[in-house]
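Trainee: Have a peek at run27.cif (mmCIF, C-alpha atoms and all ligand atoms).
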data_protein
#
loop_
_atom_site.label_atom_id
_atom_site.label_comp_id
_atom_site.auth_asym_id
_atom_site.auth_seq_id
_atom_site.Cartn_x
_atom_site.Cartn_y
_atom_site.Cartn_z
CA MET Z 1 7.42 -4.93 41.03
CA PRO Z 2 9.60 -3.24 38.40
CA ASP Z 3 10.69 0.40 38.60
CA PHE Z 4 8.29 2.98 37.23
CA SER Z 5 8.36 6.42 35.62
CA ILE Z 6 5.84 9.14 34.91
CA GLY Z 7 4.75 10.12 31.41
CA VAL Z 8 3.07 13.48 30.83
CA ASP Z 9 1.21 14.62 27.74
CA LEU Z 10 0.87 18.38 27.90
CA GLY Z 11 -1.52 19.27 25.10
CA GLY Z 12 -3.21 22.52 24.23
CA THR Z 13 -6.45 21.48 25.98
CA ASN Z 14 -5.66 18.49 28.19
CA LEU Z 15 -3.01 17.51 30.66
CA ARG Z 16 -2.61 13.73 31.01
CA ILE Z 17 -0.28 12.01 33.43
CA ALA Z 18 0.45 8.30 33.73
CA ALA Z 19 2.55 6.03 35.90
CA VAL Z 20 4.15 3.35 33.72
CA THR Z 21 6.45 0.50 34.78
CA THR Z 22 9.74 0.01 32.96
CA ASP Z 23 8.27 -3.13 31.37
CA GLY Z 24 5.40 -1.14 29.85
CA GLN Z 25 2.47 -1.66 32.24
CA MET Z 26 0.31 1.42 32.75
CA LEU Z 27 -0.40 1.57 36.48
CA GLU Z 28 -2.69 4.59 36.43
CA LYS Z 29 -3.66 7.44 34.16
CA ILE Z 30 -4.92 10.85 35.28
CA THR Z 31 -6.61 13.26 32.86
CA LEU Z 32 -6.89 16.87 33.98
CA GLY Z 33 -8.88 19.33 31.93
CA VAL Z 34 -6.31 21.98 32.74
CA LYS Z 35 -6.91 25.31 31.12
CA VAL Z 36 -3.67 26.33 29.50
CA ALA Z 37 -5.11 29.86 29.46
CA LEU Z 38 -4.71 29.97 33.25
CA GLY Z 39 -1.01 30.25 32.66
CA ARG Z 40 2.25 28.41 32.90
CA ASP Z 41 2.71 28.49 36.69
CA TYR Z 42 -0.80 27.14 37.31
CA VAL Z 43 -0.36 24.30 34.80
CA ILE Z 44 3.05 23.35 36.20
CA GLY Z 45 1.59 23.38 39.73
CA GLU Z 46 -1.28 21.05 38.77
CA MET Z 47 1.12 18.77 36.89
CA CYS Z 48 3.56 18.47 39.80
CA ASP Z 49 0.71 17.82 42.29
CA ALA Z 50 -0.60 14.97 40.14
CA ILE Z 51 2.91 13.53 39.69
CA HIS Z 52 3.43 13.65 43.46
CA ARG Z 53 0.14 11.82 44.04
CA LEU Z 54 1.18 9.03 41.68
CA THR Z 55 4.75 8.71 42.92
CA ASP Z 56 3.58 8.62 46.57
CA LYS Z 57 1.09 5.90 45.71
CA TYR Z 58 3.44 3.61 43.78
CA ARG Z 59 6.80 4.31 45.45
CA ALA Z 60 6.26 1.46 47.91
CA THR Z 61 5.99 -1.06 45.08
CA GLY Z 62 8.83 0.08 42.81
CA LYS Z 63 11.51 2.75 42.41
CA PHE Z 64 10.50 6.03 40.74
CA ILE Z 65 13.13 6.73 38.06
CA GLY Z 66 11.96 10.09 36.66
CA ALA Z 67 9.43 11.84 34.47
CA GLY Z 68 9.15 12.52 30.75
CA ILE Z 69 6.99 15.30 29.36
CA GLY Z 70 5.77 15.58 25.77
CA VAL Z 71 4.94 19.12 24.67
CA PRO Z 72 3.68 20.59 21.41
CA GLY Z 73 6.60 22.70 20.29
CA ILE Z 74 10.24 22.87 19.41
CA ILE Z 75 12.47 22.01 22.36
CA ASP Z 76 16.04 23.01 23.01
CA MET Z 77 17.34 19.65 24.19
CA GLU Z 78 20.37 21.08 25.98
CA THR Z 79 18.62 23.72 28.08
CA GLY Z 80 15.24 21.97 28.45
CA MET Z 81 13.48 25.12 27.31
CA MET Z 82 10.78 25.53 24.69
CA ARG Z 83 11.91 27.53 21.69
CA LYS Z 84 8.53 27.88 20.07
CA SER Z 85 5.05 26.57 20.84
CA ALA Z 86 1.89 27.79 19.13
CA ASN Z 87 -0.36 26.10 21.74
CA LEU Z 88 1.52 27.17 24.86
CA PRO Z 89 2.04 30.92 24.75
CA GLY Z 90 4.25 32.22 27.54
CA TRP Z 91 6.24 29.00 27.89
CA SER Z 92 9.14 29.85 25.63
CA ASP Z 93 12.42 31.02 27.11
CA TYR Z 94 11.38 29.63 30.50
CA PRO Z 95 13.41 26.83 32.12
CA VAL Z 96 10.50 24.33 32.05
CA ARG Z 97 12.56 21.20 32.63
CA ASP Z 98 14.73 22.65 35.42
CA GLU Z 99 11.75 24.13 37.25
CA ILE Z 100 9.84 20.81 37.22
CA GLU Z 101 13.01 18.94 38.19
CA ARG Z 102 13.42 21.28 41.15
CA ARG Z 103 9.83 20.74 42.31
CA LEU Z 104 9.92 16.96 41.93
CA GLY Z 105 13.46 16.32 43.08
CA ALA Z 106 13.77 13.82 40.23
CA ARG Z 107 15.16 13.63 36.71
CA VAL Z 108 12.86 15.23 34.12
CA PHE Z 109 13.03 14.95 30.33
CA LEU Z 110 11.23 17.36 28.03
CA ASP Z 111 10.56 16.41 24.43
CA ASN Z 112 8.38 17.19 21.44
CA ASP Z 113 4.96 15.46 21.47
CA ALA Z 114 5.34 13.84 18.03
CA LYS Z 115 8.74 12.44 19.02
CA VAL Z 116 7.48 10.88 22.25
CA ALA Z 117 4.47 9.42 20.38
CA ALA Z 118 6.92 7.72 18.00
CA LEU Z 119 8.91 6.36 20.93
CA GLY Z 120 5.67 4.99 22.45
CA GLU Z 121 4.65 3.26 19.22
CA GLN Z 122 8.14 1.84 18.80
CA TRP Z 123 8.17 0.54 22.38
CA LEU Z 124 4.66 -0.91 22.72
CA GLY Z 125 2.63 -0.21 19.59
CA ALA Z 126 2.87 -0.73 15.82
CA GLY Z 127 6.68 -0.70 15.93
CA ARG Z 128 7.10 -3.21 18.77
CA GLY Z 129 10.19 -5.27 18.01
CA ILE Z 130 11.25 -2.88 15.23
CA ASP Z 131 14.42 -0.89 15.94
CA ASN Z 132 14.27 1.54 13.03
CA MET Z 133 11.14 3.40 11.98
CA VAL Z 134 9.58 6.69 11.08
CA MET Z 135 6.33 7.98 12.51
CA ILE Z 136 4.20 10.62 10.85
CA THR Z 137 1.53 12.21 13.05
CA LEU Z 138 -1.42 13.72 11.19
CA GLY Z 139 -3.32 16.31 13.20
CA THR Z 140 -3.78 20.06 12.94
CA GLY Z 141 -0.41 19.93 11.21
CA ILE Z 142 2.05 17.10 10.57
CA GLY Z 143 4.45 15.97 13.27
CA GLY Z 144 7.17 13.44 12.80
CA ALA Z 145 10.06 11.50 14.22
CA ILE Z 146 12.79 9.15 13.11
CA VAL Z 147 13.64 6.29 15.49
CA LEU Z 148 17.02 4.62 14.90
CA ASN Z 149 18.24 1.69 16.99
CA GLY Z 150 15.32 2.23 19.36
CA LYS Z 151 16.22 5.86 20.02
CA ILE Z 152 14.87 9.09 18.59
CA PHE Z 153 17.19 10.63 16.01
CA TYR Z 154 17.34 14.31 17.00
CA GLY Z 155 19.70 15.78 14.45
CA MET Z 156 22.17 18.48 15.40
CA ASN Z 157 19.89 20.38 17.78
CA GLY Z 158 16.72 18.36 18.18
CA MET Z 159 14.88 19.53 15.09
CA ALA Z 160 15.06 16.42 12.90
CA GLY Z 161 11.75 14.96 11.77
CA GLU Z 162 9.88 18.11 10.71
CA PHE Z 163 8.24 16.26 7.82
CA GLY Z 164 5.28 18.66 7.81
CA HIS Z 165 7.46 21.39 6.36
CA VAL Z 166 8.93 19.41 3.50
CA THR Z 167 8.02 21.20 0.26
CA ILE Z 168 5.45 19.40 -1.90
CA GLU Z 169 4.34 22.26 -4.19
CA PRO Z 170 7.04 24.78 -5.25
CA ASN Z 171 4.51 27.60 -5.59
CA GLY Z 172 1.96 26.24 -3.15
CA VAL Z 173 -0.05 27.52 -0.21
CA PRO Z 174 1.89 29.74 2.23
CA CYS Z 175 2.82 28.08 5.54
CA GLY Z 176 3.31 29.54 9.01
CA CYS Z 177 6.95 28.45 8.84
CA GLY Z 178 7.66 30.98 6.09
CA ASN Z 179 7.81 28.46 3.24
CA HIS Z 180 5.25 27.81 0.50
CA GLY Z 181 3.70 24.45 -0.36
CA CYS Z 182 4.63 22.52 2.82
CA ALA Z 183 3.24 18.98 3.18
CA GLU Z 184 1.07 19.93 6.16
CA ARG Z 185 -0.75 22.52 4.05
CA TYR Z 186 -2.13 19.56 2.02
CA ALA Z 187 -2.23 16.59 4.40
CA SER Z 188 -3.62 17.62 7.79
CA ALA Z 189 -7.02 18.25 9.40
CA THR Z 190 -6.59 21.96 8.66
CA ALA Z 191 -5.80 21.20 5.02
CA ILE Z 192 -8.93 19.05 4.59
CA VAL Z 193 -11.16 21.92 5.72
CA ARG Z 194 -9.27 24.44 3.56
CA MET Z 195 -9.55 22.26 0.45
CA ALA Z 196 -13.27 21.70 1.12
CA ARG Z 197 -13.87 25.46 1.45
CA GLU Z 198 -12.00 26.06 -1.81
CA ALA Z 199 -14.10 23.40 -3.54
CA ILE Z 200 -17.25 25.16 -2.32
CA GLU Z 201 -15.97 28.53 -3.59
CA SER Z 202 -15.34 27.02 -7.01
CA GLY Z 203 -19.07 26.22 -7.14
CA ASN Z 204 -18.51 22.56 -8.03
CA ALA Z 205 -19.11 20.88 -4.68
CA PRO Z 206 -22.84 20.99 -3.85
CA ALA Z 207 -22.71 18.33 -1.11
CA LEU Z 208 -19.89 20.16 0.67
CA ALA Z 209 -21.73 23.47 0.29
CA LYS Z 210 -24.82 21.87 1.82
CA LEU Z 211 -22.76 20.54 4.74
CA ALA Z 212 -21.17 23.95 5.32
CA SER Z 213 -24.51 25.76 5.33
CA SER Z 214 -26.31 23.11 7.43
CA GLY Z 215 -25.13 24.55 10.72
CA ALA Z 216 -23.49 21.21 11.59
CA GLU Z 217 -19.80 21.15 12.42
CA PHE Z 218 -17.69 21.62 9.28
CA SER Z 219 -14.57 19.64 10.10
CA ALA Z 220 -12.21 17.00 8.75
CA GLN Z 221 -14.45 14.44 10.47
CA SER Z 222 -17.69 15.61 8.85
CA ILE Z 223 -15.99 15.84 5.43
CA TYR Z 224 -14.68 12.30 5.96
CA ASN Z 225 -18.24 11.16 6.74
CA LEU Z 226 -19.26 12.46 3.30
CA ALA Z 227 -16.31 10.70 1.65
CA ILE Z 228 -17.26 7.30 3.07
CA GLN Z 229 -20.79 7.87 1.75
CA ARG Z 230 -19.08 8.00 -1.65
CA ASN Z 231 -19.57 11.70 -2.22
CA GLU Z 232 -17.11 12.47 -5.03
CA ASP Z 233 -16.25 16.01 -3.92
CA ALA Z 234 -15.22 14.78 -0.48
CA GLN Z 235 -13.45 11.75 -1.97
CA ARG Z 236 -11.42 14.05 -4.22
CA ILE Z 237 -10.12 15.88 -1.15
CA PHE Z 238 -9.00 12.67 0.56
CA ASN Z 239 -7.45 11.43 -2.69
CA SER Z 240 -5.40 14.60 -2.87
CA PHE Z 241 -4.52 14.17 0.83
CA GLY Z 242 -3.39 10.57 0.20
CA GLN Z 243 -1.42 11.64 -2.85
CA VAL Z 244 0.56 14.23 -0.88
CA LEU Z 245 1.19 11.77 1.94
CA GLY Z 246 2.39 9.27 -0.68
CA ILE Z 247 4.80 11.83 -2.15
CA LEU Z 248 6.14 12.61 1.32
CA LEU Z 249 6.51 8.93 2.24
CA ALA Z 250 8.15 8.10 -1.10
CA GLY Z 251 10.81 10.69 -0.36
CA LEU Z 252 11.36 9.38 3.17
CA ILE Z 253 11.58 5.77 1.95
CA ASN Z 254 14.05 6.73 -0.76
CA VAL Z 255 16.24 8.57 1.73
CA LEU Z 256 16.01 6.22 4.72
CA ASN Z 257 15.05 2.72 3.47
CA LEU Z 258 13.63 1.79 6.89
CA GLU Z 259 11.51 -1.25 7.63
CA MET Z 260 8.52 0.61 9.04
CA PHE Z 261 6.61 3.86 8.57
CA VAL Z 262 3.82 4.39 11.11
CA ILE Z 263 1.01 6.85 10.44
CA GLY Z 264 -0.70 8.21 13.57
CA GLY Z 265 -2.56 11.24 14.89
CA GLY Z 266 -6.28 12.03 14.88
CA VAL Z 267 -6.65 12.12 11.09
CA VAL Z 268 -5.43 8.52 10.74
CA SER Z 269 -9.04 7.49 11.48
CA ALA Z 270 -9.71 8.55 7.86
CA TRP Z 271 -7.24 5.87 6.69
CA ASP Z 272 -9.71 4.06 4.41
CA ALA Z 273 -10.44 7.34 2.58
CA PHE Z 274 -6.83 8.37 1.91
CA ALA Z 275 -4.76 5.16 1.99
CA PRO Z 276 -5.58 3.85 -1.54
CA ALA Z 277 -4.32 7.08 -3.16
CA MET Z 278 -1.32 7.07 -0.81
CA PHE Z 279 -0.24 3.53 -1.76
CA ALA Z 280 -0.81 4.17 -5.49
CA GLU Z 281 1.37 7.28 -5.31
CA LEU Z 282 4.07 5.46 -3.37
CA ARG Z 283 4.44 2.71 -5.93
CA GLU Z 284 4.77 5.24 -8.69
CA ARG Z 285 7.21 7.54 -6.95
CA SER Z 286 9.52 5.25 -5.02
CA LEU Z 287 11.47 2.54 -6.75
CA ILE Z 288 12.54 1.27 -3.34
CA TYR Z 289 8.92 1.01 -2.18
CA ALA Z 290 7.83 -0.72 -5.39
CA ALA Z 291 10.59 -3.28 -4.86
CA THR Z 292 9.92 -3.86 -1.16
CA ALA Z 293 6.13 -3.49 -0.88
CA PRO Z 294 4.71 -6.42 1.11
CA GLU Z 295 2.04 -7.47 -1.41
CA ASP Z 296 4.47 -8.08 -4.25
CA PRO Z 297 6.12 -11.46 -4.52
CA VAL Z 298 9.86 -10.90 -4.52
CA GLY Z 299 11.58 -11.27 -7.87
CA LYS Z 300 8.48 -10.95 -10.03
CA LYS Z 301 8.87 -7.29 -10.77
CA GLU Z 302 10.38 -5.98 -13.96
CA GLY Z 303 13.51 -3.90 -14.50
CA ALA Z 304 15.48 -2.03 -11.89
CA SER Z 305 13.06 -2.69 -9.03
CA ALA Z 306 13.44 -6.44 -9.62
CA GLN Z 307 17.19 -6.04 -9.23
CA ILE Z 308 16.72 -4.27 -5.91
CA ALA Z 309 14.20 -6.90 -4.83
CA ASN Z 310 16.84 -9.57 -5.46
CA TYR Z 311 19.01 -8.00 -2.80
CA THR Z 312 16.47 -8.19 -0.05
CA ARG Z 313 13.56 -10.18 1.22
CA LYS Z 314 12.79 -7.50 3.77
CA LYS Z 315 9.64 -5.43 3.30
CA THR Z 316 8.74 -1.78 3.74
CA ILE Z 317 5.75 -1.79 6.09
CA ILE Z 318 3.45 1.24 6.10
CA THR Z 319 0.89 0.93 8.85
CA ARG Z 320 -1.45 2.73 11.23
CA ALA Z 321 -0.42 3.57 14.78
CA LEU Z 322 -1.93 1.32 17.45
CA LEU Z 323 -1.85 3.23 20.73
CA GLY Z 324 -3.91 6.30 19.82
CA SER Z 325 -3.41 9.21 22.20
CA ASP Z 326 -1.72 6.93 24.78
CA ALA Z 327 1.35 6.67 22.50
CA GLY Z 328 2.55 10.03 23.84
CA LEU Z 329 2.12 8.93 27.47
CA TYR Z 330 4.01 5.68 26.99
CA GLY Z 331 6.73 7.41 25.00
CA ALA Z 332 7.15 10.18 27.57
CA ALA Z 333 7.38 7.57 30.34
CA ARG Z 334 10.04 5.80 28.28
CA LEU Z 335 12.33 8.85 28.21
CA PRO Z 336 13.82 8.42 31.73
CA ALA Z 337 14.48 4.73 31.02
CA SER Z 338 16.03 5.08 27.57
ZN ZN I 401 5.87 24.93 6.60
#
Could you express the structure from this file as structure tokens?

Mentor:
Amino acid sequence: MPDFSIGVDLGGTNLRIAAVTTDGQMLEKITLGVKVALGRDYVIGEMCDAIHRLTDKYRATGKFIGAGIGVPGIIDMETGMMRKSANLPGWSDYPVRDEIERRLGARVFLDNDAKVAALGEQWLGAGRGIDNMVMITLGTGIGGAIVLNGKIFYGMNGMAGEFGHVTIEPNGVPCGCGNHGCAERYASATAIVRMAREAIESGNAPALAKLASSGAEFSAQSIYNLAIQRNEDAQRIFNSFGQVLGILLAGLINVLNLEMFVIGGGVVSAWDAFAPAMFAELRERSLIYAATAPEDPVGKKEGASAQIANYTRKKTIITRALLGSDAGLYGAARLPAS
């Protein structure tokens, strides 16, 4: 059997651990409902116990080459410490990687959750066989990563790919990062709920007001359910969401000209509600996209985009992620091997 590694997805509510072979077979997955509130030392203890169980079990069949851990936060790649994490209070300025390495006696890699999800999709999901891609993760906020030549592009100190904090509206909604009008204030689960509440306050969204006062959960999911029932107030919110995502993608395509842009994260399940507005926006805002969009026959476009199209038969693919929440596990397991 091939060598194997361990991938860990340390979320705000769940701790998931998987043994994955170097050729991409998941041997076993453990999900622990670990309470992050019980503290860092407890969580690290549970994690290392589970990793030991898996490595003991599979060591006889293949060599254990190390563990990768995806965490929600900004990582200092050199020290293996978390600089900032909203979901894991008490973990910053603590030598997370070194401590786990010491307990396991194996190589450990710590990385941002959106970056490892991108690596997973590039290895075994939507980006399989594609060396260069971007992944945008839509959740509570927007996460992102750029993969170049099969490896994550980190930038100078690991912070590249923060697409959620690209400015969309110069005088827009304040963001936790200190800026105004960041993309994630308009295209995330949080943003959907905010826009719905604002629509209710304006007095022009009776169906949303009814949903909010019904006692049922008022969430991106329930607002999406209204949108697919063709409620115009809910559809307007997802149109605006798609428009912002289109603006963001148009900028990324213009800068990077990559072959694939993968959209993942929990909110991607609302794809049919936001994608039409996203594609319409893209065609309008990116000459490169208009010239390389898959549906258009090459050479039939007018003007400057036709000239670009003449240079290439390659297409810009914008697609949904395929691995769901397992992308992070596969990607984390890939870190020791890459
Ligand atoms: Zn921001």

Trainee: With distances taken over all atoms listed in the file, which of Z:Pro95, Z:Gly265, Z:Gly68, Z:Gly164 is nearest to ligand ZN 401 (chain I)?

Mentor: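 Result for the nearest residue to ligand ZN 401 (chain I): Z:Gly164.
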
Trainee: So, with only C-alpha atoms as the atoms that count, which of Z:Val267, Z:Met26, Z:Leu256, Z:Ala187 lies closest to Z:Gln243?

Mentor: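 Checking each candidate against Z:Gln243, we get Z:Ala187 as the closest.
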
Trainee: Please give me, as a ChimeraX atom specification, the residues lying within 9 Å of ligand ZN 401 (chain I) when counting all atoms listed in the file.

Mentor: /Z:162,164-167,174-185

Trainee: Check the smallest atom-to-atom distance from each of Z:Leu54, Z:Ala216, Z:Ile75, Z:Leu322 to Z:Trp123 using all atoms listed in the file, then report the winner.

Mentor: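 Of Z:Leu54, Z:Ala216, Z:Ile75, Z:Leu322, the one nearest Z:Trp123, counting all atoms listed in the file, is Z:Leu322.
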
Trainee: Find the distance between atom CA of Z:Ile44 and atom CA of Z:Arg103 and write it in Å to one decimal.

Mentor: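 Spanning atom CA of Z:Ile44 to atom CA of Z:Arg103 is a straight-line distance of 9.5 Å.
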
Trainee: Of the candidates Z:Arg320, Z:Arg128, Z:Lys84, Z:Arg334, which one gets nearest to Z:Met159 if we count only C-alpha atoms?

Mentor: Z:Lys84

Trainee: Enter the distance from atom CA of Z:Ala145 to atom CA of Z:Val262, in Å, rounded to one decimal.

Mentor: 10.0 Å

Trainee: Given all atoms listed in the file as the basis, pick out the residue of Z:Gly246, Z:Gly62, Z:Gly266, Z:Pro294 nearest to Z:Gln221.

Mentor: Z:Gly266

Trainee: When you draw a straight line from atom CA of Z:Ala277 to atom CA of Z:Asp113, how long is it in Å?

Mentor: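 A separation of 27.6 Å between them.
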
Trainee: At a cut-off of 9 Å, using all atoms listed in the file, what residues contact Z:Ile74? Leave out same-chain residues fewer than 4 positions from it and give the result as a list in words.

Mentor: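 The residues that qualify are Met81, Met82, Arg83, Lys84, Ser85, Asp111, Asn112, Gly158 and Met159 of chain Z.
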
Trainee: Under the rule that only C-alpha atoms are counted, which of Z:Ala37, Z:Ala117, Z:Ala67, Z:Ala321 is the nearest residue to Z:His52?

Mentor: Z:Ala67

Trainee: Could you list, as a compact mmCIF listing (two decimals) with C-alpha atoms, keeping the file's coordinate frame, every residue within 10 Å of Z:Phe218, counting only C-alpha atoms and ignoring same-chain residues fewer than 5 positions away?

Mentor:
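Dumped everything to selection.txt:
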# COMPACT_ATOMS: atom_id res chain seq x y z
CA VAL Z 193 -11.16 21.92 5.72
CA ALA Z 196 -13.27 21.70 1.12
CA ARG Z 197 -13.87 25.46 1.45
CA LEU Z 208 -19.89 20.16 0.67
CA LEU Z 211 -22.76 20.54 4.74
CA ALA Z 212 -21.17 23.95 5.32
CA SER Z 213 -24.51 25.76 5.33
CA ILE Z 223 -15.99 15.84 5.43

Trainee: Distance cut-off 12 Å, centre (4.2, -1.5, 10.6) in file coordinates, counting only C-alpha atoms: which residues qualify? Return them as a ChimeraX atom specification.

Mentor: /Z:121-122,125-135,258-264,293-294,315-322
